[in-house]
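Visitor: Coordinates in final.cif, mmCIF, C-alpha atoms, are listed below.
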```cif
data_coords
loop_
_atom_site.label_atom_id
_atom_site.label_comp_id
_atom_site.auth_asym_id
_atom_site.auth_seq_id
_atom_site.Cartn_x
_atom_site.Cartn_y
_atom_site.Cartn_z
CA MET A 299 -13.28 -11.82 15.50
CA CYS A 300 -11.59 -14.67 13.69
CA GLU A 301 -12.96 -16.85 10.92
CA LYS A 302 -11.66 -20.36 10.49
CA GLY A 303 -11.34 -22.97 7.80
CA GLN A 304 -9.74 -26.39 7.71
CA PHE A 305 -6.00 -27.11 7.67
CA VAL A 306 -4.33 -27.92 4.38
CA PHE A 307 -0.81 -27.64 5.77
CA SER A 308 0.61 -27.85 9.25
CA GLY A 309 0.09 -24.28 10.31
CA SER A 310 -2.47 -21.61 11.06
CA VAL A 311 -1.92 -18.01 10.02
CA ALA A 312 -2.24 -14.78 11.99
CA ILE A 313 -2.34 -11.65 9.82
CA VAL A 314 -1.42 -8.50 11.73
CA THR A 315 -2.02 -5.01 10.32
CA PRO A 316 -1.68 -1.57 11.92
CA PHE A 317 -5.39 -0.66 11.68
CA GLY A 318 -8.71 -2.38 11.08
CA SER A 319 -10.09 -1.40 7.70
CA LYS A 320 -8.99 2.01 6.44
CA GLY A 321 -6.02 2.12 4.09
CA GLY A 322 -4.31 -0.02 1.49
CA VAL A 323 -2.31 -2.10 3.99
CA GLU A 324 -5.47 -3.03 5.85
CA GLN A 325 -7.27 -3.94 2.64
CA VAL A 326 -4.43 -6.30 1.71
CA GLY A 327 -4.77 -7.97 5.11
CA ILE A 328 -8.52 -8.34 4.66
CA ASN A 329 -8.07 -9.81 1.18
CA LEU A 330 -5.40 -12.22 2.39
CA LYS A 331 -7.59 -13.55 5.18
CA LYS A 332 -10.52 -14.10 2.82
CA LEU A 333 -8.33 -15.85 0.27
CA LEU A 334 -6.75 -18.13 2.87
CA ILE A 335 -10.13 -19.10 4.27
CA SER A 336 -11.37 -19.78 0.73
CA LYS A 337 -8.51 -22.29 0.46
CA ASN A 338 -9.62 -23.94 3.74
CA ILE A 339 -6.67 -22.53 5.64
CA ASP A 340 -7.04 -21.50 9.27
CA ALA A 341 -6.58 -17.71 9.26
CA CYS A 342 -7.26 -14.84 11.65
CA LYS A 343 -6.69 -11.11 11.18
CA TYR A 344 -5.69 -8.79 14.01
CA HIS A 345 -4.94 -5.07 14.12
CA LEU A 346 -2.77 -3.18 16.58
CA PHE A 347 -4.62 0.16 16.80
CA ASP A 348 -8.10 1.59 16.51
CA ASP A 349 -8.81 4.42 14.05
CA ASP A 350 -7.77 7.00 16.66
CA GLY A 351 -4.40 5.35 17.17
CA LYS A 352 -5.22 3.75 20.53
CA GLU A 353 -3.32 0.51 21.09
CA LEU A 354 -5.56 -2.57 21.05
CA LEU A 355 -3.06 -5.41 21.27
CA GLY A 356 -0.88 -5.24 24.34
CA LEU A 357 1.91 -7.68 25.06
CA LYS A 358 -0.38 -10.20 26.80
CA ILE A 359 -2.67 -10.40 23.76
CA LEU A 360 0.29 -10.64 21.38
CA ILE A 361 1.66 -13.56 23.42
CA LYS A 362 -1.70 -15.34 23.04
CA ILE A 363 -1.61 -14.74 19.27
CA PHE A 364 1.90 -16.17 18.98
CA LYS A 365 0.95 -19.19 21.08
CA LYS A 366 -2.14 -19.87 18.99
CA HIS A 367 -0.76 -19.55 15.44
CA ASP A 368 2.14 -21.10 13.57
CA ILE A 369 2.71 -18.35 11.00
CA ILE A 370 2.63 -14.72 12.03
CA HIS A 371 2.35 -12.63 8.86
CA SER A 372 3.08 -9.06 9.87
CA HIS A 373 2.13 -6.04 7.78
CA VAL A 374 3.28 -3.68 10.53
CA TYR A 375 5.92 -1.04 9.81
CA ASN A 376 6.63 0.11 13.36
CA ILE A 377 10.19 -0.51 14.58
CA LYS A 378 8.98 -1.25 18.11
CA TYR A 379 6.84 -4.11 16.81
CA PHE A 380 9.58 -5.42 14.53
CA PHE A 381 11.54 -6.15 17.70
CA ILE A 382 8.58 -7.46 19.74
CA PHE A 383 7.47 -9.83 16.98
CA TRP A 384 11.03 -11.08 16.49
CA MET A 385 11.41 -11.81 20.21
CA LEU A 386 8.07 -13.60 20.46
CA SER A 387 8.79 -15.69 17.36
CA LEU A 388 12.01 -16.91 19.01
CA ILE A 389 10.40 -17.54 22.40
CA PHE A 390 7.47 -19.54 20.99
CA ASN A 391 9.33 -21.02 18.00
CA ARG A 392 6.93 -19.53 15.45
CA GLN A 393 7.44 -18.65 11.80
CA LEU A 394 7.44 -14.90 11.16
CA ILE A 395 6.97 -13.21 7.79
CA THR A 396 7.07 -9.44 7.30
CA THR A 397 5.55 -7.60 4.35
CA PHE A 398 7.07 -4.19 3.65
CA HIS A 399 4.50 -1.84 2.13
CA SER A 400 6.58 1.32 2.41
CA THR A 401 10.05 2.78 2.01
CA PHE A 402 9.46 5.13 4.98
CA GLY A 403 9.31 8.05 2.57
CA CYS A 404 12.72 7.31 1.05
CA SER A 405 13.49 7.13 -2.64
CA ARG A 406 16.49 5.86 -4.54
CA PHE A 407 16.48 9.30 -6.22
CA ASP A 408 17.47 11.06 -2.99
CA ILE A 409 19.56 8.35 -1.38
CA LYS A 410 22.26 10.91 -0.49
CA ARG A 411 20.03 12.76 1.93
CA PRO A 412 21.51 13.10 5.46
CA PHE A 413 20.94 10.04 7.65
CA TRP A 414 19.20 12.13 10.33
CA LYS A 415 16.29 12.91 8.00
CA SER A 416 13.12 11.09 9.04
CA GLY A 417 13.00 8.25 6.52
CA TYR A 418 16.70 7.52 6.47
CA ARG A 419 16.85 7.66 10.24
CA GLN A 420 14.37 4.78 10.30
CA LEU A 421 16.23 2.87 7.61
CA SER A 422 19.53 3.34 9.41
CA LEU A 423 17.93 1.99 12.58
CA ILE A 424 16.55 -0.97 10.63
CA LYS A 425 20.03 -1.68 9.30
CA PHE A 426 21.51 -1.53 12.79
CA LEU A 427 18.81 -3.75 14.30
CA SER A 428 19.06 -6.31 11.49
CA LEU A 429 22.80 -6.56 12.18
CA LEU A 430 22.17 -6.89 15.91
CA CYS A 431 19.20 -9.28 15.55
CA PRO A 432 19.67 -11.70 12.62
CA HIS A 433 16.39 -12.40 10.81
CA LEU A 434 14.68 -9.57 12.64
CA PHE A 435 11.81 -9.67 10.13
CA GLY A 436 11.33 -13.44 10.22
CA GLY A 437 12.31 -16.24 7.88
CA LYS A 438 10.89 -14.52 4.80
CA ILE A 439 10.38 -10.93 3.69
CA ILE A 440 7.79 -9.79 1.15
CA PHE A 441 8.09 -6.50 -0.70
CA VAL A 442 5.00 -5.09 -2.39
CA SER A 443 6.98 -3.77 -5.37
CA LYS A 444 10.42 -3.96 -6.92
CA SER A 445 11.06 -0.35 -5.95
CA VAL A 446 10.43 -1.13 -2.27
CA ARG A 447 12.75 -4.13 -2.50
CA ASP A 448 15.47 -2.07 -4.20
CA ILE A 449 15.45 0.47 -1.35
CA ILE A 450 14.66 -1.54 1.80
CA GLY A 451 16.60 -4.61 0.69
CA THR A 452 19.89 -2.70 0.67
CA TYR A 453 19.48 -1.96 4.40
CA ILE A 454 18.75 -5.53 5.53
CA SER A 455 21.46 -8.02 6.50
CA PHE A 456 21.55 -11.82 6.81
CA TYR A 457 18.89 -12.56 4.20
CA LYS A 458 19.45 -14.54 1.02
CA SER A 459 17.86 -13.27 -2.18
CA ASP A 460 15.45 -16.26 -2.19
CA ASP A 461 14.14 -15.14 1.21
CA MET A 462 13.25 -11.63 -0.02
CA VAL A 463 10.50 -11.81 -2.62
CA VAL A 464 8.27 -9.36 -4.46
CA ILE A 465 4.54 -10.10 -4.29
CA TYR A 466 2.38 -7.34 -5.69
CA ASN A 467 -0.73 -6.36 -3.78
CA PRO A 468 -3.78 -7.72 -5.62
CA THR A 469 -6.84 -6.13 -7.13
CA GLU A 470 -10.20 -7.68 -7.85
CA MET A 471 -10.82 -8.24 -11.55
CA THR A 472 -14.03 -6.59 -12.81
CA THR A 473 -15.83 -5.91 -16.08
CA ILE A 474 -15.84 -2.15 -15.43
CA SER A 475 -14.33 0.14 -18.03
CA SER A 476 -14.34 3.77 -16.92
CA THR A 477 -14.95 6.81 -19.10
CA THR A 478 -13.14 10.16 -19.30
CA ILE A 479 -15.88 12.04 -21.15
CA ASN A 480 -17.66 13.50 -18.12
CA ASN A 481 -15.02 16.19 -17.37
CA GLU A 482 -14.57 14.89 -13.83
CA VAL A 483 -11.37 13.57 -12.30
CA TYR A 484 -10.66 12.01 -8.92
CA PHE A 485 -8.20 12.18 -6.06
CA ILE A 486 -8.56 9.03 -3.97
CA GLY A 487 -6.56 8.61 -0.79
CA ARG A 488 -5.42 10.12 2.48
CA LEU A 489 -5.36 13.91 2.60
CA SER A 490 -1.89 14.33 4.04
CA VAL A 491 1.22 16.31 3.16
CA GLU A 492 3.02 13.46 1.36
CA LYS A 493 0.01 12.85 -0.94
CA ASN A 494 -0.02 16.50 -2.14
CA PRO A 495 -3.81 16.80 -2.56
CA GLU A 496 -3.63 20.59 -3.00
CA ILE A 497 -1.55 20.07 -6.17
CA VAL A 498 -4.61 18.31 -7.63
CA ILE A 499 -6.94 21.15 -6.68
CA LYS A 500 -4.63 23.83 -8.09
CA ALA A 501 -4.25 21.84 -11.32
CA ILE A 502 -8.03 21.60 -11.69
CA LEU A 503 -8.45 25.33 -11.20
CA GLU A 504 -5.95 25.92 -14.03
CA THR A 505 -8.35 24.17 -16.43
CA GLU A 506 -11.53 25.73 -17.78
CA ASN A 507 -14.32 23.34 -16.86
CA ILE A 508 -12.88 20.15 -15.33
CA LYS A 509 -14.18 19.14 -11.90
CA VAL A 510 -12.45 17.12 -9.19
CA ASN A 511 -13.90 14.78 -6.57
CA ILE A 512 -11.76 14.40 -3.45
CA LEU A 513 -12.42 10.98 -1.87
CA GLY A 514 -10.60 10.54 1.42
CA ASP A 515 -9.93 12.08 4.79
CA GLY A 516 -6.88 12.93 6.85
CA PRO A 517 -5.19 15.91 8.51
CA LEU A 518 -5.60 18.19 5.48
CA TYR A 519 -9.28 17.41 4.92
CA HIS A 520 -10.83 20.26 6.93
CA PRO A 521 -8.19 22.93 6.08
CA LEU A 522 -8.53 22.26 2.35
CA LYS A 523 -12.31 21.98 2.46
CA GLU A 524 -12.53 25.38 4.16
CA LYS A 525 -9.97 26.98 1.84
CA TYR A 526 -11.74 25.87 -1.33
CA ALA A 527 -15.33 26.00 -0.05
CA LEU A 528 -16.37 28.62 -2.66
CA TYR A 529 -15.07 26.66 -5.66
CA ASN A 530 -17.89 24.66 -7.20
CA ARG A 531 -15.49 22.57 -9.27
CA VAL A 532 -13.95 21.05 -6.14
CA SER A 533 -16.02 18.52 -4.17
CA PHE A 534 -14.94 16.90 -0.89
CA TRP A 535 -16.64 13.61 -0.04
CA GLY A 536 -14.61 12.44 2.97
CA TRP A 537 -13.73 8.80 3.46
CA THR A 538 -15.87 6.81 1.05
CA GLU A 539 -16.19 3.11 0.35
CA ILE A 540 -15.43 3.07 -3.37
CA ASN A 541 -17.78 0.55 -4.96
CA ASN A 542 -18.06 -0.51 -8.58
CA GLU A 543 -20.71 2.13 -9.28
CA ILE A 544 -18.28 4.88 -8.28
CA TRP A 545 -15.39 3.27 -10.16
CA GLY A 546 -17.47 3.33 -13.32
CA LYS A 547 -17.35 7.14 -13.19
CA VAL A 548 -13.63 7.42 -12.46
CA GLY A 549 -12.03 8.21 -15.78
CA ILE A 550 -8.89 9.91 -14.48
CA VAL A 551 -7.09 9.57 -11.15
CA ILE A 552 -4.40 12.07 -10.14
CA MET A 553 -1.75 10.99 -7.62
CA PRO A 554 1.03 13.56 -7.05
CA SER A 555 2.45 11.58 -4.11
CA GLU A 556 5.92 12.23 -2.76
CA TYR A 557 6.26 8.51 -2.07
CA GLU A 558 4.28 5.29 -2.38
CA GLY A 559 5.39 1.74 -1.65
CA PHE A 560 2.71 0.32 -3.91
CA SER A 561 -0.62 2.04 -4.43
CA LEU A 562 -3.72 -0.15 -4.49
CA THR A 563 -5.66 2.85 -5.74
CA ALA A 564 -3.35 3.12 -8.74
CA ILE A 565 -3.71 -0.51 -9.79
CA ASP A 566 -7.46 -0.48 -9.06
CA ALA A 567 -7.78 2.50 -11.40
CA ILE A 568 -5.70 0.87 -14.13
CA GLU A 569 -7.79 -2.30 -13.88
CA LYS A 570 -10.89 -0.17 -14.57
CA ASN A 571 -9.11 1.30 -17.64
CA SER A 572 -8.89 4.68 -15.94
CA ILE A 573 -6.02 7.03 -16.75
CA LEU A 574 -3.45 7.59 -14.01
CA ILE A 575 -1.60 10.92 -13.85
CA CYS A 576 1.07 10.66 -11.18
CA SER A 577 4.40 11.81 -9.81
CA ASN A 578 7.86 10.73 -10.84
CA ILE A 579 8.52 8.21 -8.06
CA PRO A 580 9.85 4.63 -8.38
CA SER A 581 6.61 2.71 -7.78
CA PHE A 582 4.74 4.74 -10.42
CA LEU A 583 7.63 4.39 -12.87
CA GLU A 584 7.33 0.65 -12.30
CA LEU A 585 3.67 0.83 -13.36
CA LYS A 586 4.57 3.07 -16.30
CA LYS A 587 6.73 0.27 -17.73
CA MET A 588 3.75 -2.10 -17.61
CA PHE A 589 1.02 0.33 -18.68
CA ASN A 590 2.73 2.91 -20.85
CA GLN A 591 -0.44 4.20 -22.53
CA GLN A 592 -2.44 4.47 -19.32
CA VAL A 593 0.07 5.99 -16.90
CA PHE A 594 1.27 9.57 -17.37
CA ILE A 595 4.24 10.75 -15.34
CA VAL A 596 4.76 14.35 -14.24
CA ASP A 597 8.43 15.06 -13.65
CA CYS A 598 8.01 17.39 -10.73
CA ILE A 599 5.45 18.67 -8.23
CA ASP A 600 4.17 21.41 -10.53
CA TYR A 601 0.41 21.91 -10.74
CA ILE A 602 0.76 23.72 -14.09
CA LYS A 603 2.27 20.58 -15.63
CA TYR A 604 -0.43 18.43 -14.06
CA ALA A 605 -3.06 20.72 -15.58
CA ASP A 606 -1.39 20.51 -18.99
CA ILE A 607 -1.38 16.70 -19.00
CA LEU A 608 -4.92 16.66 -17.63
CA ASN A 609 -6.20 18.76 -20.53
CA LYS A 610 -4.61 16.35 -22.98
CA CYS A 611 -6.09 13.28 -21.26
CA ILE A 612 -9.67 14.33 -20.59
CA ASP A 613 -11.10 12.77 -23.77
CA LYS A 614 -8.34 10.25 -24.35
CA LYS A 615 -9.15 6.59 -24.93
CA VAL A 616 -6.72 3.98 -23.68
CA PRO A 617 -6.33 0.30 -24.58
CA ASP A 618 -7.84 -2.38 -22.36
CA ALA A 619 -5.35 -3.22 -19.60
CA LYS A 620 -7.24 -6.05 -17.92
CA ASP A 621 -5.16 -8.91 -19.32
CA THR A 622 -1.92 -7.36 -18.08
CA VAL A 623 -3.48 -6.55 -14.71
CA SER A 624 -4.72 -10.12 -14.37
CA GLU A 625 -1.32 -11.52 -15.25
CA ASN A 626 0.48 -9.49 -12.56
CA PHE A 627 -2.02 -8.31 -9.95
CA SER A 628 -4.91 -10.78 -9.73
CA MET A 629 -6.09 -12.30 -6.46
CA ASP A 630 -5.19 -15.75 -7.79
CA LYS A 631 -1.62 -14.71 -8.53
CA PHE A 632 -1.31 -13.10 -5.10
CA ILE A 633 -2.55 -16.11 -3.10
CA MET A 634 -0.58 -18.58 -5.24
CA LYS A 635 2.70 -16.79 -4.51
CA THR A 636 1.85 -16.29 -0.84
CA LEU A 637 0.97 -19.95 -0.30
CA ALA A 638 4.16 -21.01 -2.07
CA LEU A 639 6.08 -18.88 0.43
CA TYR A 640 4.19 -20.36 3.39
CA ASN A 641 4.80 -23.90 2.14
CA SER A 642 8.53 -23.22 1.81
CA MET A 643 8.83 -22.67 5.55
CA ASN A 644 9.40 -25.25 8.26
CA PHE A 645 6.68 -25.66 10.85
CA ASN A 646 7.03 -26.78 14.42
CA LYS A 647 3.68 -27.96 15.70
#
```
Translate the structure of the given file into structure tokens.
Guide:
Amino acid sequence: MCEKGQFVFSGSVAIVTPFGSKGGVEQVGINLKKLLISKNIDACKYHLFDDDGKELLGLKILIKIFKKHDIIHSHVYNIKYFFIFWMLSLIFNRQLITTFHSTFGCSRFDIKRPFWKSGYRQLSLIKFLSLLCPHLFGGKIIFVSKSVRDIIGTYISFYKSDDMVVIYNPTEMTTISSTTINNEVYFIGRLSVEKNPEIVIKAILETENIKVNILGDGPLYHPLKEKYALYNRVSFWGWTEINNEIWGKVGIVIMPSEYEGFSLTAIDAIEKNSILICSNIPSFLELKKMFNQQVFIVDCIDYIKYADILNKCIDKKVPDAKDTVSENFSMDKFIMKTLALYNSMNFNK
């Protein structure tokens, strides 16, 4: 389905995400469509796969999308679709923008890893393709954080610095201010190897009476739920729509991720004045600089150290972060920067 508004500039926008609704990338796409429509801009959102990974948009449908819209704003991080979108943008003379939400698991801290490792293999291929196909990612590139730009940007050729911009993913501003006095902490996100959810559980079990709520699903959901079924301080809730009522109870969020491009969960938590205990990766260090008293960095994947910081934070009060969040991560800031980027492009009606 596609919702429409009126034109305010000479182009309509197609937003393409990997999936429909689950995940941070998809939520950004949903927010962008709503914001564009609120500005009376013609906008449609499409997704490539269903929740089971079945392809929904074949080449014929993609051709129709490129014929219909003037801007194709891709949030897809699949190398196959980088090439397809580039080819279709040339054939139909359309403006293509790509938002990079991820560093493919790569970090500037381990840049010397062998090129055949998974993440660097993808980055090396991106570098090769961008040399072979100038402007492979369209006329403009958006990075969701400075850390993503610092890594991905070094692998991309033929782009000027003005064509590669950082636009942070937005969060909705609320009046919620969470509490840490209920001895409950939260893990919110996909239960997968790179998110290290078991580190959170082990850290909780090192404390005396703190409980953890695991909100999310993924490949580790059933194995971990079965393994820790007898522990009454560990609760698994599956994939849950996190509304304001739930956020009001989220005093501490633990994120021991191995990599994150930019975590919407992290900035959502900070906006609610929750405490964030997280791993020593570039995107979290970026948040640490902005929210020093709210973000606590653990130097390594060590559940004992997570437990130690958790014990120190459980009754800790932090200053209100809403003004800083609004200044950098509000919906208004996000749409203003995105529209400025759209308006800087040339359209061919």
Visitor: Please indicate the distance in Å from atom CA of A:Ser319 to atom CA of A:Val374, rounded to one decimal place.
Guide: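 Separation of atom CA of A:Ser319 and atom CA of A:Val374: 13.9 Å.
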Visitor: Pick the closest to A:Asn507 from A:Asp348, A:Glu492, A:Asp368, A:Glu482: which is it, counting only C-alpha atoms?
Guide: A:Glu482
Visitor: Write out as a PDB file with C-alpha atoms, in the coordinates of the input the residues lying within 10 Å of stretch 610-618 of chain A, counting only C-alpha atoms and excluding same-chain residues fewer than 6 positions away.
Guide:
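Result file follows (selection.pdb):
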```pdb
ATOM      1  CA  SER A 475     -14.330   0.140 -18.030  1.00  0.00           C
ATOM      2  CA  SER A 476     -14.340   3.770 -16.920  1.00  0.00           C
ATOM      3  CA  THR A 477     -14.950   6.810 -19.100  1.00  0.00           C
ATOM      4  CA  THR A 478     -13.140  10.160 -19.300  1.00  0.00           C
ATOM      5  CA  ILE A 479     -15.880  12.040 -21.150  1.00  0.00           C
ATOM      6  CA  ASN A 480     -17.660  13.500 -18.120  1.00  0.00           C
ATOM      7  CA  ASN A 481     -15.020  16.190 -17.370  1.00  0.00           C
ATOM      8  CA  GLU A 482     -14.570  14.890 -13.830  1.00  0.00           C
ATOM      9  CA  VAL A 483     -11.370  13.570 -12.300  1.00  0.00           C
ATOM     10  CA  ILE A 508     -12.880  20.150 -15.330  1.00  0.00           C
ATOM     11  CA  GLY A 549     -12.030   8.210 -15.780  1.00  0.00           C
ATOM     12  CA  ILE A 550      -8.890   9.910 -14.480  1.00  0.00           C
ATOM     13  CA  ILE A 568      -5.700   0.870 -14.130  1.00  0.00           C
ATOM     14  CA  GLU A 569      -7.790  -2.300 -13.880  1.00  0.00           C
ATOM     15  CA  LYS A 570     -10.890  -0.170 -14.570  1.00  0.00           C
ATOM     16  CA  ASN A 571      -9.110   1.300 -17.640  1.00  0.00           C
ATOM     17  CA  SER A 572      -8.890   4.680 -15.940  1.00  0.00           C
ATOM     18  CA  ILE A 573      -6.020   7.030 -16.750  1.00  0.00           C
ATOM     19  CA  LEU A 574      -3.450   7.590 -14.010  1.00  0.00           C
ATOM     20  CA  ILE A 575      -1.600  10.920 -13.850  1.00  0.00           C
ATOM     21  CA  PHE A 589       1.020   0.330 -18.680  1.00  0.00           C
ATOM     22  CA  ASN A 590       2.730   2.910 -20.850  1.00  0.00           C
ATOM     23  CA  GLN A 591      -0.440   4.200 -22.530  1.00  0.00           C
ATOM     24  CA  GLN A 592      -2.440   4.470 -19.320  1.00  0.00           C
ATOM     25  CA  VAL A 593       0.070   5.990 -16.900  1.00  0.00           C
ATOM     26  CA  PHE A 594       1.270   9.570 -17.370  1.00  0.00           C
TER      27      PHE A 594
END
```
Visitor: For A:Glu504, which of A:Asn609, A:Ser400, A:Thr538, A:Gln420 is the closest residue, counting all atoms listed in the file?
Guide: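 Under the stated criterion, the closest residue is A:Asn609.
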Visitor: To verify the selection step, state as number ranges by chain which residues the PyMOL selection byres ((chain A and resi 454) around 10) yields on this input.
Guide: A: 421-422, 424-429, 432-435, 449-453, 455-457, 462
Visitor: Name every residue that the PyMOL selection byres ((chain A and resi 334) around 12) selects in this structure, writing the answer as a short mmCIF file (atom, residue, chain, number, x, y, z; two decimals) with C-alpha atoms, in the frame of the given file with chains first and numbers rising.
Guide:
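So the final result, stored in result-v8.cif, reads:
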```cif
data_model
loop_
_atom_site.label_atom_id
_atom_site.label_comp_id
_atom_site.auth_asym_id
_atom_site.auth_seq_id
_atom_site.Cartn_x
_atom_site.Cartn_y
_atom_site.Cartn_z
CA GLU A 301 -12.96 -16.85 10.92
CA LYS A 302 -11.66 -20.36 10.49
CA GLY A 303 -11.34 -22.97 7.80
CA GLN A 304 -9.74 -26.39 7.71
CA PHE A 305 -6.00 -27.11 7.67
CA VAL A 306 -4.33 -27.92 4.38
CA PHE A 307 -0.81 -27.64 5.77
CA GLY A 309 0.09 -24.28 10.31
CA SER A 310 -2.47 -21.61 11.06
CA VAL A 311 -1.92 -18.01 10.02
CA ALA A 312 -2.24 -14.78 11.99
CA ILE A 313 -2.34 -11.65 9.82
CA GLY A 327 -4.77 -7.97 5.11
CA ILE A 328 -8.52 -8.34 4.66
CA ASN A 329 -8.07 -9.81 1.18
CA LEU A 330 -5.40 -12.22 2.39
CA LYS A 331 -7.59 -13.55 5.18
CA LYS A 332 -10.52 -14.10 2.82
CA LEU A 333 -8.33 -15.85 0.27
CA ILE A 335 -10.13 -19.10 4.27
CA SER A 336 -11.37 -19.78 0.73
CA LYS A 337 -8.51 -22.29 0.46
CA ASN A 338 -9.62 -23.94 3.74
CA ILE A 339 -6.67 -22.53 5.64
CA ASP A 340 -7.04 -21.50 9.27
CA ALA A 341 -6.58 -17.71 9.26
CA CYS A 342 -7.26 -14.84 11.65
CA LYS A 343 -6.69 -11.11 11.18
CA MET A 629 -6.09 -12.30 -6.46
CA ASP A 630 -5.19 -15.75 -7.79
CA PHE A 632 -1.31 -13.10 -5.10
CA ILE A 633 -2.55 -16.11 -3.10
CA MET A 634 -0.58 -18.58 -5.24
CA THR A 636 1.85 -16.29 -0.84
CA LEU A 637 0.97 -19.95 -0.30
CA TYR A 640 4.19 -20.36 3.39
#
```
Visitor: Write out as an mmCIF file with C-alpha atoms, keeping the file's coordinate frame the residues lying within 10 Å of A:Leu360, counting all atoms listed in the file and excluding same-chain residues fewer than 6 positions away.
Guide:
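After the write, part-v9.cif holds the following:
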```cif
data_model
loop_
_atom_site.group_PDB
_atom_site.id
_atom_site.type_symbol
_atom_site.label_atom_id
_atom_site.label_comp_id
_atom_site.auth_asym_id
_atom_site.auth_seq_id
_atom_site.Cartn_x
_atom_site.Cartn_y
_atom_site.Cartn_z
ATOM 1 C CA TYR A 344 -5.690 -8.790 14.010
ATOM 2 C CA LEU A 346 -2.770 -3.180 16.580
ATOM 3 C CA LEU A 354 -5.560 -2.570 21.050
ATOM 4 C CA LYS A 366 -2.140 -19.870 18.990
ATOM 5 C CA ILE A 382 8.580 -7.460 19.740
ATOM 6 C CA PHE A 383 7.470 -9.830 16.980
ATOM 7 C CA LEU A 386 8.070 -13.600 20.460
#
```
Visitor: Quick one: of A:Met643, A:Ala501, A:Leu355, A:Ile486, who's nearest to A:Gln393, counting only C-alpha atoms?
Guide: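 Looking at the shortest contact to A:Gln393, the residue is A:Met643.
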